[in-house]
>>> print(open('data_2.cif').read())   # mmCIF, C-alpha atoms and all ligand atoms
data_coords
loop_
_atom_site.label_atom_id
_atom_site.label_comp_id
_atom_site.auth_asym_id
_atom_site.auth_seq_id
_atom_site.Cartn_x
_atom_site.Cartn_y
_atom_site.Cartn_z
CA MET A 1 -20.52 27.86 29.09
CA THR A 2 -18.03 26.15 31.40
CA LEU A 3 -15.68 23.65 29.89
CA THR A 4 -14.63 20.58 31.85
CA THR A 5 -12.17 18.08 30.45
CA PRO A 6 -13.84 14.67 30.65
CA PRO A 7 -12.05 11.81 32.44
CA ARG A 8 -10.67 8.80 30.59
CA PRO A 9 -13.61 6.40 30.13
CA LYS A 10 -13.41 2.95 31.67
CA ARG A 11 -15.57 1.29 29.03
CA ALA A 12 -16.01 1.95 25.35
CA GLU A 13 -19.38 3.27 24.22
CA GLN A 14 -20.71 5.33 21.35
CA LEU A 15 -21.85 8.69 22.76
CA LEU A 16 -22.66 10.62 19.58
CA PRO A 17 -25.83 9.82 17.64
CA LYS A 18 -25.33 9.21 13.95
CA GLU A 19 -26.87 12.60 13.07
CA CYS A 20 -23.71 14.21 14.48
CA TYR A 21 -21.83 12.72 11.53
CA MET A 22 -24.21 13.93 8.84
CA SER A 23 -26.55 16.70 9.94
CA PRO A 24 -26.00 20.24 8.59
CA GLU A 25 -27.49 21.67 11.82
CA TRP A 26 -25.01 19.81 14.00
CA PHE A 27 -22.19 20.82 11.68
CA GLU A 28 -23.23 24.45 12.11
CA ARG A 29 -23.24 24.06 15.88
CA GLU A 30 -19.76 22.57 15.79
CA GLN A 31 -18.51 25.53 13.79
CA GLN A 32 -19.98 27.97 16.29
CA GLU A 33 -19.50 26.15 19.58
CA LEU A 34 -16.32 24.17 18.98
CA PHE A 35 -14.15 25.50 16.15
CA SER A 36 -14.74 29.16 16.93
CA ARG A 37 -13.07 28.60 20.32
CA ALA A 38 -10.70 25.70 19.77
CA TRP A 39 -6.92 25.55 19.43
CA THR A 40 -5.66 24.38 16.04
CA PHE A 41 -2.20 23.73 14.61
CA ALA A 42 -1.34 26.66 12.33
CA CYS A 43 2.31 26.45 11.31
CA VAL A 44 5.81 25.86 12.64
CA ALA A 45 8.07 28.55 14.07
CA GLN A 46 10.43 27.98 11.11
CA ASP A 47 7.71 29.21 8.72
CA VAL A 48 8.06 32.71 10.18
CA PRO A 49 11.75 33.14 11.09
CA GLU A 50 12.13 36.90 10.54
CA PRO A 51 10.23 39.90 11.94
CA GLY A 52 7.30 40.62 9.66
CA ASP A 53 7.08 37.06 8.30
CA ALA A 54 3.41 36.16 8.06
CA TYR A 55 1.75 32.81 7.45
CA PRO A 56 -1.98 32.69 6.61
CA VAL A 57 -4.16 29.83 7.92
CA GLN A 58 -7.83 28.96 7.84
CA ILE A 59 -9.17 28.12 11.32
CA GLY A 60 -12.76 26.87 11.16
CA ARG A 61 -14.57 29.67 9.38
CA TYR A 62 -11.92 32.23 10.26
CA PRO A 63 -9.16 33.28 7.88
CA MET A 64 -6.25 34.15 10.20
CA PHE A 65 -2.51 34.59 10.04
CA VAL A 66 0.49 34.17 12.28
CA ILE A 67 3.12 36.90 12.20
CA ARG A 68 6.45 37.45 13.91
CA ALA A 69 6.69 40.82 15.63
CA LYS A 70 9.80 43.00 15.90
CA ASP A 71 10.53 41.71 19.41
CA GLY A 72 10.54 38.10 18.12
CA SER A 73 7.20 37.13 19.63
CA LEU A 74 4.46 35.53 17.55
CA LYS A 75 1.02 37.08 17.11
CA ALA A 76 -2.21 35.77 15.59
CA TYR A 77 -4.55 38.15 13.79
CA HIS A 78 -7.72 37.66 11.85
CA ASN A 79 -6.97 37.97 8.16
CA THR A 80 -9.91 40.28 7.50
CA CYS A 81 -9.55 43.97 6.78
CA ARG A 82 -11.44 46.31 9.09
CA HIS A 83 -12.53 48.50 6.17
CA ARG A 84 -14.80 46.19 4.19
CA GLY A 85 -13.66 42.82 5.43
CA THR A 86 -11.45 41.62 2.60
CA LYS A 87 -9.15 38.68 3.25
CA MET A 88 -5.73 40.27 2.96
CA LEU A 89 -2.93 37.70 2.89
CA GLU A 90 -3.28 34.81 0.49
CA GLU A 91 0.12 33.23 0.95
CA LYS A 92 3.25 33.46 3.06
CA ALA A 93 4.71 36.97 2.90
CA ASN A 94 6.96 39.39 4.73
CA CYS A 95 4.96 42.31 6.11
CA ARG A 96 7.56 44.13 8.21
CA HIS A 97 6.60 47.42 6.58
CA GLY A 98 2.93 46.88 7.33
CA ILE A 99 0.09 44.55 6.48
CA VAL A 100 -1.50 46.17 3.46
CA CYS A 101 -5.00 45.27 2.31
CA PRO A 102 -4.99 44.77 -1.47
CA TYR A 103 -8.40 46.43 -1.90
CA HIS A 104 -7.95 50.05 -0.74
CA ALA A 105 -4.52 49.85 0.86
CA TRP A 106 -5.48 50.23 4.50
CA THR A 107 -2.30 49.40 6.38
CA TYR A 108 -1.88 47.69 9.75
CA ASN A 109 1.04 47.54 12.12
CA PRO A 110 2.54 44.01 12.35
CA ASP A 111 3.47 44.39 16.03
CA ASP A 112 0.07 45.20 17.49
CA GLY A 113 -2.40 45.03 14.57
CA ALA A 114 -3.24 48.74 14.87
CA LEU A 115 -4.58 50.55 11.80
CA ARG A 116 -1.64 52.70 10.84
CA GLY A 117 -2.74 54.48 7.72
CA LEU A 118 -5.18 54.66 4.85
CA PRO A 119 -5.24 56.59 1.61
CA LYS A 120 -7.08 59.95 1.42
CA LYS A 121 -8.05 59.80 5.05
CA ASP A 122 -8.96 63.46 5.50
CA LEU A 123 -11.05 63.54 2.37
CA CYS A 124 -12.74 60.16 2.57
CA PHE A 125 -12.96 59.50 6.33
CA PRO A 126 -12.72 62.81 8.16
CA ASP A 127 -14.26 61.37 11.36
CA LEU A 128 -12.74 57.91 11.37
CA LYS A 129 -11.52 56.68 14.75
CA MET A 130 -8.48 54.76 13.62
CA ASP A 131 -7.71 53.43 17.07
CA GLN A 132 -10.96 51.42 17.01
CA LEU A 133 -10.20 49.65 13.76
CA GLY A 134 -7.13 47.55 14.51
CA LEU A 135 -7.06 43.96 13.35
CA HIS A 136 -9.00 41.48 15.43
CA LYS A 137 -6.61 39.40 17.47
CA GLY A 138 -6.59 35.67 18.09
CA GLY A 139 -4.97 33.52 20.74
CA ILE A 140 -1.55 32.02 20.08
CA GLY A 141 0.64 29.42 21.77
CA GLN A 142 3.54 27.11 21.04
CA ILE A 143 4.51 23.55 21.89
CA GLY A 144 8.10 23.15 20.78
CA ASP A 145 8.25 24.34 17.18
CA LEU A 146 4.53 23.95 16.59
CA VAL A 147 2.34 27.05 16.65
CA PHE A 148 -1.33 26.86 17.58
CA VAL A 149 -3.97 29.55 17.22
CA ASN A 150 -7.43 30.15 18.58
CA PRO A 151 -9.98 32.49 16.94
CA GLN A 152 -10.72 34.00 20.36
CA GLU A 153 -8.34 36.63 21.69
CA GLN A 154 -9.13 35.50 25.24
CA PRO A 155 -9.99 31.86 24.63
CA ASP A 156 -12.60 30.14 26.80
CA GLU A 157 -9.92 27.52 27.33
CA ASP A 158 -6.50 29.14 27.75
CA PHE A 159 -3.48 27.64 26.05
CA GLU A 160 -1.88 26.18 29.17
CA THR A 161 -5.08 24.46 30.20
CA TRP A 162 -5.51 23.09 26.69
CA CYS A 163 -1.89 21.84 26.54
CA ALA A 164 -2.41 20.00 29.82
CA GLY A 165 1.34 19.62 30.27
CA VAL A 166 1.82 17.50 27.15
CA GLU A 167 5.24 19.08 26.61
CA LYS A 168 6.35 17.91 30.05
CA THR A 169 5.07 14.34 29.94
CA HIS A 170 4.82 13.35 26.28
CA MET A 171 7.05 15.70 24.31
CA TRP A 172 8.30 14.41 20.97
CA PRO A 173 12.10 14.35 20.75
CA HIS A 174 12.19 15.51 17.12
CA ASP A 175 13.85 18.80 16.20
CA ILE A 176 12.44 19.83 12.84
CA SER A 177 15.07 22.51 12.30
CA MET A 178 17.53 19.71 11.44
CA LEU A 179 15.05 18.02 9.09
CA SER A 180 13.88 18.98 5.64
CA GLU A 181 10.24 19.35 4.75
CA LYS A 182 8.61 17.14 2.14
CA ARG A 183 5.92 18.31 -0.23
CA PRO A 184 2.71 18.90 1.83
CA VAL A 185 -0.19 16.61 1.02
CA ARG A 186 -3.89 17.26 1.17
CA TYR A 187 -6.26 14.30 1.27
CA ASP A 188 -9.83 15.23 0.30
CA ILE A 189 -12.21 12.93 2.12
CA MET A 190 -15.94 12.47 1.59
CA ALA A 191 -16.63 11.78 5.25
CA ASN A 192 -17.38 13.72 8.42
CA TRP A 193 -14.25 15.09 10.13
CA LYS A 194 -15.02 13.17 13.33
CA ALA A 195 -15.13 9.88 11.44
CA PHE A 196 -11.57 10.56 10.30
CA CYS A 197 -10.44 11.63 13.78
CA GLU A 198 -12.01 8.56 15.32
CA ASN A 199 -10.31 6.39 12.75
CA ALA A 200 -7.00 8.02 13.66
CA MET A 201 -7.64 7.09 17.30
CA ASP A 202 -8.86 3.57 16.60
CA GLY A 203 -6.10 1.21 17.68
CA TYR A 204 -8.16 -1.88 16.83
CA HIS A 205 -7.96 -1.60 13.02
CA LEU A 206 -4.19 -1.30 12.60
CA SER A 207 -3.48 -4.98 11.97
CA TYR A 208 -6.48 -5.53 9.69
CA LEU A 209 -7.20 -2.54 7.46
CA HIS A 210 -3.47 -1.81 7.31
CA ASP A 211 -2.21 -5.39 7.02
CA LYS A 212 -0.10 -4.38 3.99
CA THR A 213 1.12 -1.01 5.25
CA LEU A 214 1.38 -0.41 9.00
CA MET A 215 1.01 -4.07 10.02
CA GLY A 216 -0.03 -3.29 13.56
CA PRO A 217 0.73 -2.93 16.35
CA ASP A 218 -1.89 -5.38 17.66
CA VAL A 219 -4.09 -4.23 20.53
CA GLU A 220 -1.90 -6.23 22.93
CA ASN A 221 1.11 -4.13 21.99
CA GLN A 222 -0.37 -0.68 22.22
CA ASP A 223 -1.87 1.67 24.73
CA TRP A 224 -2.92 5.28 24.96
CA ASP A 225 -2.51 8.01 27.50
CA ASP A 226 -5.01 10.78 28.06
CA VAL A 227 -3.36 14.16 28.47
CA GLY A 228 -6.08 16.73 29.12
CA ARG A 229 -8.33 16.38 26.07
CA HIS A 230 -5.61 14.81 24.00
CA TRP A 231 -5.06 11.21 23.04
CA VAL A 232 -1.49 9.97 22.86
CA PHE A 233 -1.00 6.62 21.20
CA ILE A 234 1.77 4.56 22.73
CA SER A 235 3.48 1.78 20.85
CA HIS A 236 5.47 -0.93 22.58
CA GLY A 237 8.16 -1.04 19.91
CA GLU A 238 8.41 0.12 16.32
CA SER A 239 6.30 -1.74 13.75
CA PRO A 240 8.18 -3.70 11.06
CA SER A 241 7.05 -1.34 8.30
CA ARG A 242 8.78 1.57 10.03
CA SER A 243 12.04 -0.13 10.83
CA ASN A 244 12.54 -1.96 7.48
CA THR A 245 13.09 1.14 5.45
CA HIS A 246 15.70 2.75 3.29
CA PHE A 247 15.08 6.18 4.85
CA THR A 248 17.77 7.62 7.05
CA PRO A 249 16.92 7.33 10.74
CA ILE A 250 16.68 10.60 12.63
CA PRO A 251 19.47 10.69 15.20
CA GLY A 252 18.44 10.49 18.83
CA ILE A 253 15.01 8.91 18.33
CA ASP A 254 14.70 5.69 20.28
CA THR A 255 11.66 3.65 19.28
CA SER A 256 12.72 0.32 20.69
CA GLY A 257 10.56 0.45 23.81
CA ARG A 258 7.32 2.05 24.93
CA HIS A 259 7.08 5.38 23.10
CA PRO A 260 4.42 7.81 21.86
CA VAL A 261 3.69 7.66 18.11
CA VAL A 262 0.54 9.68 17.53
CA TRP A 263 -0.73 12.75 19.35
CA GLN A 264 -4.34 13.62 18.49
CA LEU A 265 -4.60 17.13 19.88
CA PHE A 266 -8.23 17.93 20.45
CA PRO A 267 -10.15 18.69 18.37
CA ASN A 268 -8.54 18.33 14.96
CA SER A 269 -4.76 18.64 15.05
CA GLY A 270 -2.19 15.93 15.42
CA ILE A 271 1.35 14.68 15.27
CA LEU A 272 2.74 11.46 13.83
CA ALA A 273 6.31 10.70 14.76
CA SER A 274 8.69 7.84 14.17
CA SER A 275 12.39 7.16 13.88
CA ILE A 276 12.33 8.35 10.23
CA PHE A 277 9.77 11.16 10.04
CA PHE A 278 7.81 13.81 11.89
CA SER A 279 4.38 14.91 10.62
CA ALA A 280 1.93 17.53 11.81
CA TYR A 281 -1.62 17.57 10.52
CA THR A 282 -5.05 19.09 10.76
CA ILE A 283 -8.32 17.42 9.85
CA VAL A 284 -10.36 20.28 8.48
CA PRO A 285 -14.18 20.08 8.38
CA VAL A 286 -15.63 21.25 5.05
CA GLY A 287 -19.26 20.15 5.40
CA PRO A 288 -21.26 17.57 7.34
CA GLU A 289 -19.98 14.81 5.07
CA GLN A 290 -16.70 16.21 3.83
CA CYS A 291 -13.32 17.08 5.30
CA TYR A 292 -9.69 17.12 4.34
CA LEU A 293 -6.46 16.10 5.96
CA GLU A 294 -3.62 18.58 5.57
CA LEU A 295 -0.35 16.82 6.27
CA ARG A 296 3.14 18.27 6.58
CA THR A 297 6.11 15.95 6.95
CA TRP A 298 9.78 16.40 7.80
CA MET A 299 12.51 13.82 7.25
CA MET A 300 16.27 13.70 7.17
CA PRO A 301 17.66 15.67 4.21
CA LYS A 302 18.01 13.52 1.07
CA GLU A 303 21.75 13.99 0.84
CA THR A 304 22.18 12.01 4.07
CA ARG A 305 20.64 8.89 2.50
CA ASP A 306 22.72 6.08 1.18
CA PRO A 307 22.09 6.06 -2.61
CA ALA A 308 22.84 2.33 -2.72
CA LYS A 309 19.88 1.65 -0.42
CA THR A 310 17.48 4.13 -2.05
CA PRO A 311 15.24 2.50 -4.65
CA THR A 312 14.78 4.45 -7.86
CA ARG A 313 11.30 4.80 -9.26
CA PRO A 314 10.41 5.65 -12.85
CA SER A 315 9.70 9.37 -13.08
CA GLY A 316 6.07 10.37 -12.53
CA THR A 317 5.27 7.40 -10.30
CA SER A 318 6.48 8.73 -6.99
CA GLY A 319 3.40 9.00 -4.81
CA HIS A 320 -0.28 9.42 -5.56
CA GLY A 321 -2.33 12.47 -6.40
CA HIS A 322 -1.79 15.65 -8.35
CA ILE A 323 0.49 18.56 -7.66
CA MET A 324 -1.39 21.85 -7.80
CA ALA A 325 -0.30 25.45 -8.22
CA ASP A 326 0.13 25.92 -4.45
CA GLY A 327 2.87 23.26 -4.51
CA LYS A 328 0.83 20.73 -2.52
CA ARG A 329 -0.03 17.22 -3.59
CA TYR A 330 -3.82 16.67 -3.67
CA ILE A 331 -5.18 13.17 -3.22
CA SER A 332 -8.78 12.02 -3.48
CA LEU A 333 -10.25 8.58 -4.05
CA GLU A 334 -12.05 9.87 -7.14
CA THR A 335 -8.81 10.64 -8.94
CA LEU A 336 -6.70 7.84 -7.51
CA GLY A 337 -5.00 5.77 -10.22
CA CYS A 338 -5.50 2.42 -8.43
CA PRO A 339 -7.91 0.78 -5.98
CA ALA A 340 -7.47 2.41 -2.56
CA MET A 341 -6.49 -0.83 -0.88
CA GLU A 342 -3.69 -1.33 -3.39
CA SER A 343 -2.27 2.16 -2.87
CA LEU A 344 0.23 1.08 -0.20
CA ASP A 345 -0.50 4.39 1.53
CA PHE A 346 -2.10 3.90 4.94
CA GLN A 347 -3.72 7.35 4.82
CA ILE A 348 -5.50 6.36 1.59
CA GLU A 349 -6.64 3.14 3.24
CA ASP A 350 -8.00 5.25 6.10
CA MET A 351 -9.79 7.71 3.85
CA TRP A 352 -11.31 4.81 1.92
CA VAL A 353 -12.68 3.14 5.04
CA CYS A 354 -14.05 6.43 6.41
CA GLU A 355 -15.88 7.03 3.13
CA GLN A 356 -17.26 3.49 3.32
CA GLN A 357 -18.59 4.25 6.80
CA GLN A 358 -20.03 7.56 5.68
CA LYS A 359 -21.93 5.90 2.83
CA ALA A 360 -23.43 3.37 5.26
CA LEU A 361 -24.63 6.15 7.61
CA GLN A 362 -27.46 6.83 5.18
CA SER A 363 -28.98 3.44 5.87
CA PRO A 364 -31.85 3.56 8.40
CA LEU A 365 -30.32 0.42 9.87
CA PHE A 366 -26.96 2.05 10.61
CA LYS A 367 -26.03 1.78 14.25
CA VAL A 368 -22.72 1.32 16.05
CA GLY A 369 -23.14 -2.18 17.47
CA ALA A 370 -20.33 -2.14 20.03
CA LEU A 371 -16.93 -0.59 20.62
CA ALA A 372 -13.87 -2.54 21.73
CA ASP A 373 -12.77 -1.96 25.33
CA GLN A 374 -9.23 -2.48 24.14
CA GLY A 375 -8.57 -0.20 21.14
CA GLU A 376 -11.74 1.90 20.95
CA THR A 377 -12.24 3.59 24.35
CA SER A 378 -10.36 6.44 22.67
CA LEU A 379 -13.46 7.08 20.53
CA THR A 380 -15.58 7.47 23.66
CA PHE A 381 -13.02 9.89 25.08
CA PHE A 382 -12.97 11.96 21.88
CA GLN A 383 -16.76 12.05 21.68
CA ALA A 384 -17.02 13.13 25.34
CA ASN A 385 -14.71 16.03 24.48
CA VAL A 386 -16.86 17.03 21.52
CA LEU A 387 -19.91 16.95 23.80
CA ASP A 388 -18.13 19.17 26.31
CA PHE A 389 -18.10 21.93 23.68
CA VAL A 390 -21.30 20.99 21.84
CA PRO A 391 -23.74 19.38 24.27
CA LEU A 392 -26.52 17.29 22.76
CA GLU A 393 -29.10 19.51 24.41
CA GLY A 394 -27.86 22.77 23.00
CA PRO A 395 -29.30 25.52 20.83
CA GLY A 396 -30.58 24.51 17.41
CA VAL A 397 -30.83 20.77 16.96
CA LYS A 398 -31.67 18.69 19.98
CA LEU A 399 -30.44 15.15 19.77
CA ALA A 400 -31.09 12.40 22.24
CA ALA A 401 -28.22 10.14 23.22
CA GLU A 402 -28.53 6.67 21.73
S1 LIG B 501 -11.41 46.29 2.25
FE1 LIG B 501 -9.42 46.47 2.94
S2 LIG B 501 -8.85 48.45 2.42
FE2 LIG B 501 -10.87 48.30 1.75
FE FE B 502 -5.68 3.83 10.06
#
>>> encode(input="data_2.cif", output="structure tokens")
Amino acid sequence: MTLTTPPRPKRAEQLLPKECYMSPEWFEREQQELFSRAWTFACVAQDVPEPGDAYPVQIGRYPMFVIRAKDGSLKAYHNTCRHRGTKMLEEKANCRHGIVCPYHAWTYNPDDGALRGLPKKDLCFPDLKMDQLGLHKGGIGQIGDLVFVNPQEQPDEDFETWCAGVEKTHMWPHDISMLSEKRPVRYDIMANWKAFCENAMDGYHLSYLHDKTLMGPDVENQDWDDVGRHWVFISHGESPSRSNTHFTPIPGIDTSGRHPVVWQLFPNSGILASSIFFSAYTIVPVGPEQCYLELRTWMMPKETRDPAKTPTRPSGTSGHGHIMADGKRYISLETLGCPAMESLDFQIEDMWVCEQQQKALQSPLFKVGALADQGETSLTFFQANVLDFVPLEGPGVKLAAE
């Protein structure tokens, strides 16, 4: 199937029928036709500094990992053993001596994924053709420090085409190697992944849903650029909530004029950047009506902050959610200790409103009435990109455009 990046739409219109946000059949098609051949943010180069450093990631249905080879290059392999398919790496590890499956100790070469050895070969597998059982490879590419992977070794859309020159025209000025990483957060959301993406690209709601947190910018003071399939949100000056802060500004980031703030990298990765932080995220589909947002954030190291300007909070009250064994903070509306709209966390406000929309989808009367030409053409653009990978008239479900 040929892929063709759609042009920026002139008018806003809803292209996806509501079934695309709730049907298990459509969800299955997205897994097969979109996520099995899409580029997704996996990790940052700093996660794998040394040869042999490996970082496991889940990409759509594919467990994969990124690993640094001896020559310094990065590789992406599927995290499934070629013996009986076991997922091998569970967490970050150094595998310079070989990637060893925990089940029967088959061992793979980090530099090319080749099967290097296995116990009792002569006795148990006298005829085994080892050279045919190397790890499956994936595609890999980098924009700055950010590493992206594709489940396909030769992706239908190659990395350069997918990037569409974003690093030349809209590169973020942040250098995360001088920042320190905060605790990662996972927001579990009872809504379709596209509802959350569309919300992230909706410039119309910023002054209303987020009147206590982001406080804009208003539609008059914002714009977006299309870069290939990607949506880059442009602010015309930093919002008051970002500039009135006790956090240390990151040197060299000028947010006084027209500047990019959000990069929604199609389909489900993104960047949020300001004068005080840099975040990279993925919006991971779980089921037709469930997804999660995985968010990593970097800020200036704490020791650079002025203690006199840093408010102290009673212990145990810093942030929402629960810290789990993997070190991440998990947030869901079910376990939130306050009403979502009093959380003072704009992501929680967003997850709340997406869940509200998802609940209303069940109504036979649900229909998108209109989209704003200023602030919501981005939704049309995103939906056109989804349809480029998963056309309405495809295998399985056949949906008519509304
Ligand atoms: S499944 Fe990996 S060695 Fe057997
Ligand atoms: Fe929002």
>>> residues_near_ligand(input="data_2.cif", ligand="ligand LIG 501 (chain B)", cutoff="10 Å", atoms="all atoms listed in the file", output="JSON, numbers by chain")
{"A": [80, 81, 82, 83, 84, 85, 86, 87, 88, 100, 101, 102, 103, 104, 105, 106, 107, 118, 119]}
>>> residues_near_ligand(input="data_2.cif", ligand="ligand FE 502 (chain B)", cutoff="8 Å", atoms="all atoms listed in the file", output="list in words")
Asn199, Ala200, Asp202, His205, Leu206, Leu209, His210, Phe346, Gln347, Glu349 and Asp350 of chain A
>>> closest_residue(input="data_2.cif", among="A:Asp188, A:Asp122, A:Ala38, A:Asp226", to="Gly138 (chain A)", atoms="only C-alpha atoms")
A:Ala38
>>> closest_residue(input="data_2.cif", among="A:Cys124, A:Ala372, A:Val390, A:Val185", to="His320 (chain A)", atoms="all atoms listed in the file")
A:Val185
>>> atom_distance(input="data_2.cif", atom1="CA of Asp145 (chain A)", atom2="CA of Ala45 (chain A)")
5.2 Å
>>> residues_around(input="data_2.cif", residues="Ile283 (chain A)", least_positions_apart="5", cutoff="7 Å", atoms="all atoms listed in the file", output="list in words")
Trp193, Asn268, Ser269, Cys291, Tyr292, Leu293 and Glu294 of chain A
>>> write_last_selection(input="data_2.cif", atoms="C-alpha atoms", output="mmCIF file, in the frame of the given file")
data_model
loop_
_atom_site.group_PDB
_atom_site.id
_atom_site.type_symbol
_atom_site.label_atom_id
_atom_site.label_comp_id
_atom_site.auth_asym_id
_atom_site.auth_seq_id
_atom_site.Cartn_x
_atom_site.Cartn_y
_atom_site.Cartn_z
ATOM 1 C CA TRP A 193 -14.250 15.090 10.130
ATOM 2 C CA ASN A 268 -8.540 18.330 14.960
ATOM 3 C CA SER A 269 -4.760 18.640 15.050
ATOM 4 C CA CYS A 291 -13.320 17.080 5.300
ATOM 5 C CA TYR A 292 -9.690 17.120 4.340
ATOM 6 C CA LEU A 293 -6.460 16.100 5.960
ATOM 7 C CA GLU A 294 -3.620 18.580 5.570
#
>>> atom_distance(input="data_2.cif", atom1="CA of Ala114 (chain A)", atom2="CA of Leu133 (chain A)")
7.1 Å
>>> residues_around(input="data_2.cif", residues="region 55-66 of chain A", least_positions_apart="6", cutoff="6 Å", atoms="only C-alpha atoms", output="list in words")
Phe35, Lys75, Ala76, Tyr77, His78, Asn79 and Lys92 of chain A
>>> closest_residue(input="data_2.cif", among="A:Ser235, A:Thr282, A:Thr213, A:Ser275", to="Glu342 (chain A)", atoms="only C-alpha atoms")
A:Thr213
>>> residues_around(input="data_2.cif", residues="region 334-338 of chain A", least_positions_apart="3", cutoff="9 Å", atoms="only C-alpha atoms", output="tab-separated table (two decimals) with C-alpha atoms, keeping the file's coordinate frame")
chain	number	residue	atom	x	y	z
A	320	HIS	CA	-0.28	9.42	-5.56
A	321	GLY	CA	-2.33	12.47	-6.40
A	322	HIS	CA	-1.79	15.65	-8.35
A	331	ILE	CA	-5.18	13.17	-3.22
A	341	MET	CA	-6.49	-0.83	-0.88
A	342	GLU	CA	-3.69	-1.33	-3.39
A	343	SER	CA	-2.27	2.16	-2.87
>>> closest_residue(input="data_2.cif", among="A:Ile253, A:Val147, A:Leu344, A:Met171", to="Thr40 (chain A)", atoms="all atoms listed in the file")
A:Val147
>>> closest_atom_pairs(input="data_2.cif", of="region 218-334 of chain A", to="region 19-32 of chain A", cutoff="7 Å", atoms="only C-alpha atoms", output="CSV")
residue,atom,partner,partner_atom,distance
A:Gly287,CA,A:Phe27,CA,7.0
A:Pro288,CA,A:Met22,CA,4.9
A:Glu289,CA,A:Met22,CA,5.7
>>> atom_distance(input="data_2.cif", atom1="CA of Pro249 (chain A)", atom2="CA of Tyr330 (chain A)")
26.9 Å
>>> axis_aligned_box(input="data_2.cif", around="region 204-208 of chain A", padding_each_side="5 Å", output="AutoDock Vina command-line options")
--center_x -5.8 --center_y -3.4 --center_z 13.3 --size_x 14.7 --size_y 14.2 --size_z 17.1
>>> closest_residue(input="data_2.cif", among="A:Ile323, A:Ala12, A:Ile250, A:Leu89", to="Glu376 (chain A)", atoms="all atoms listed in the file")
A:Ala12
>>> residues_near_point(input="data_2.cif", point="(-8.2, 50.6, 20.2)", cutoff="12 Å", atoms="all atoms listed in the file", output="ChimeraX atom specification")
/A:112-116,129-137
>>> closest_residue(input="data_2.cif", among="A:Glu181, A:Asp111, A:Asp388, A:Asp47", to="Pro267 (chain A)", atoms="only C-alpha atoms")
A:Asp388
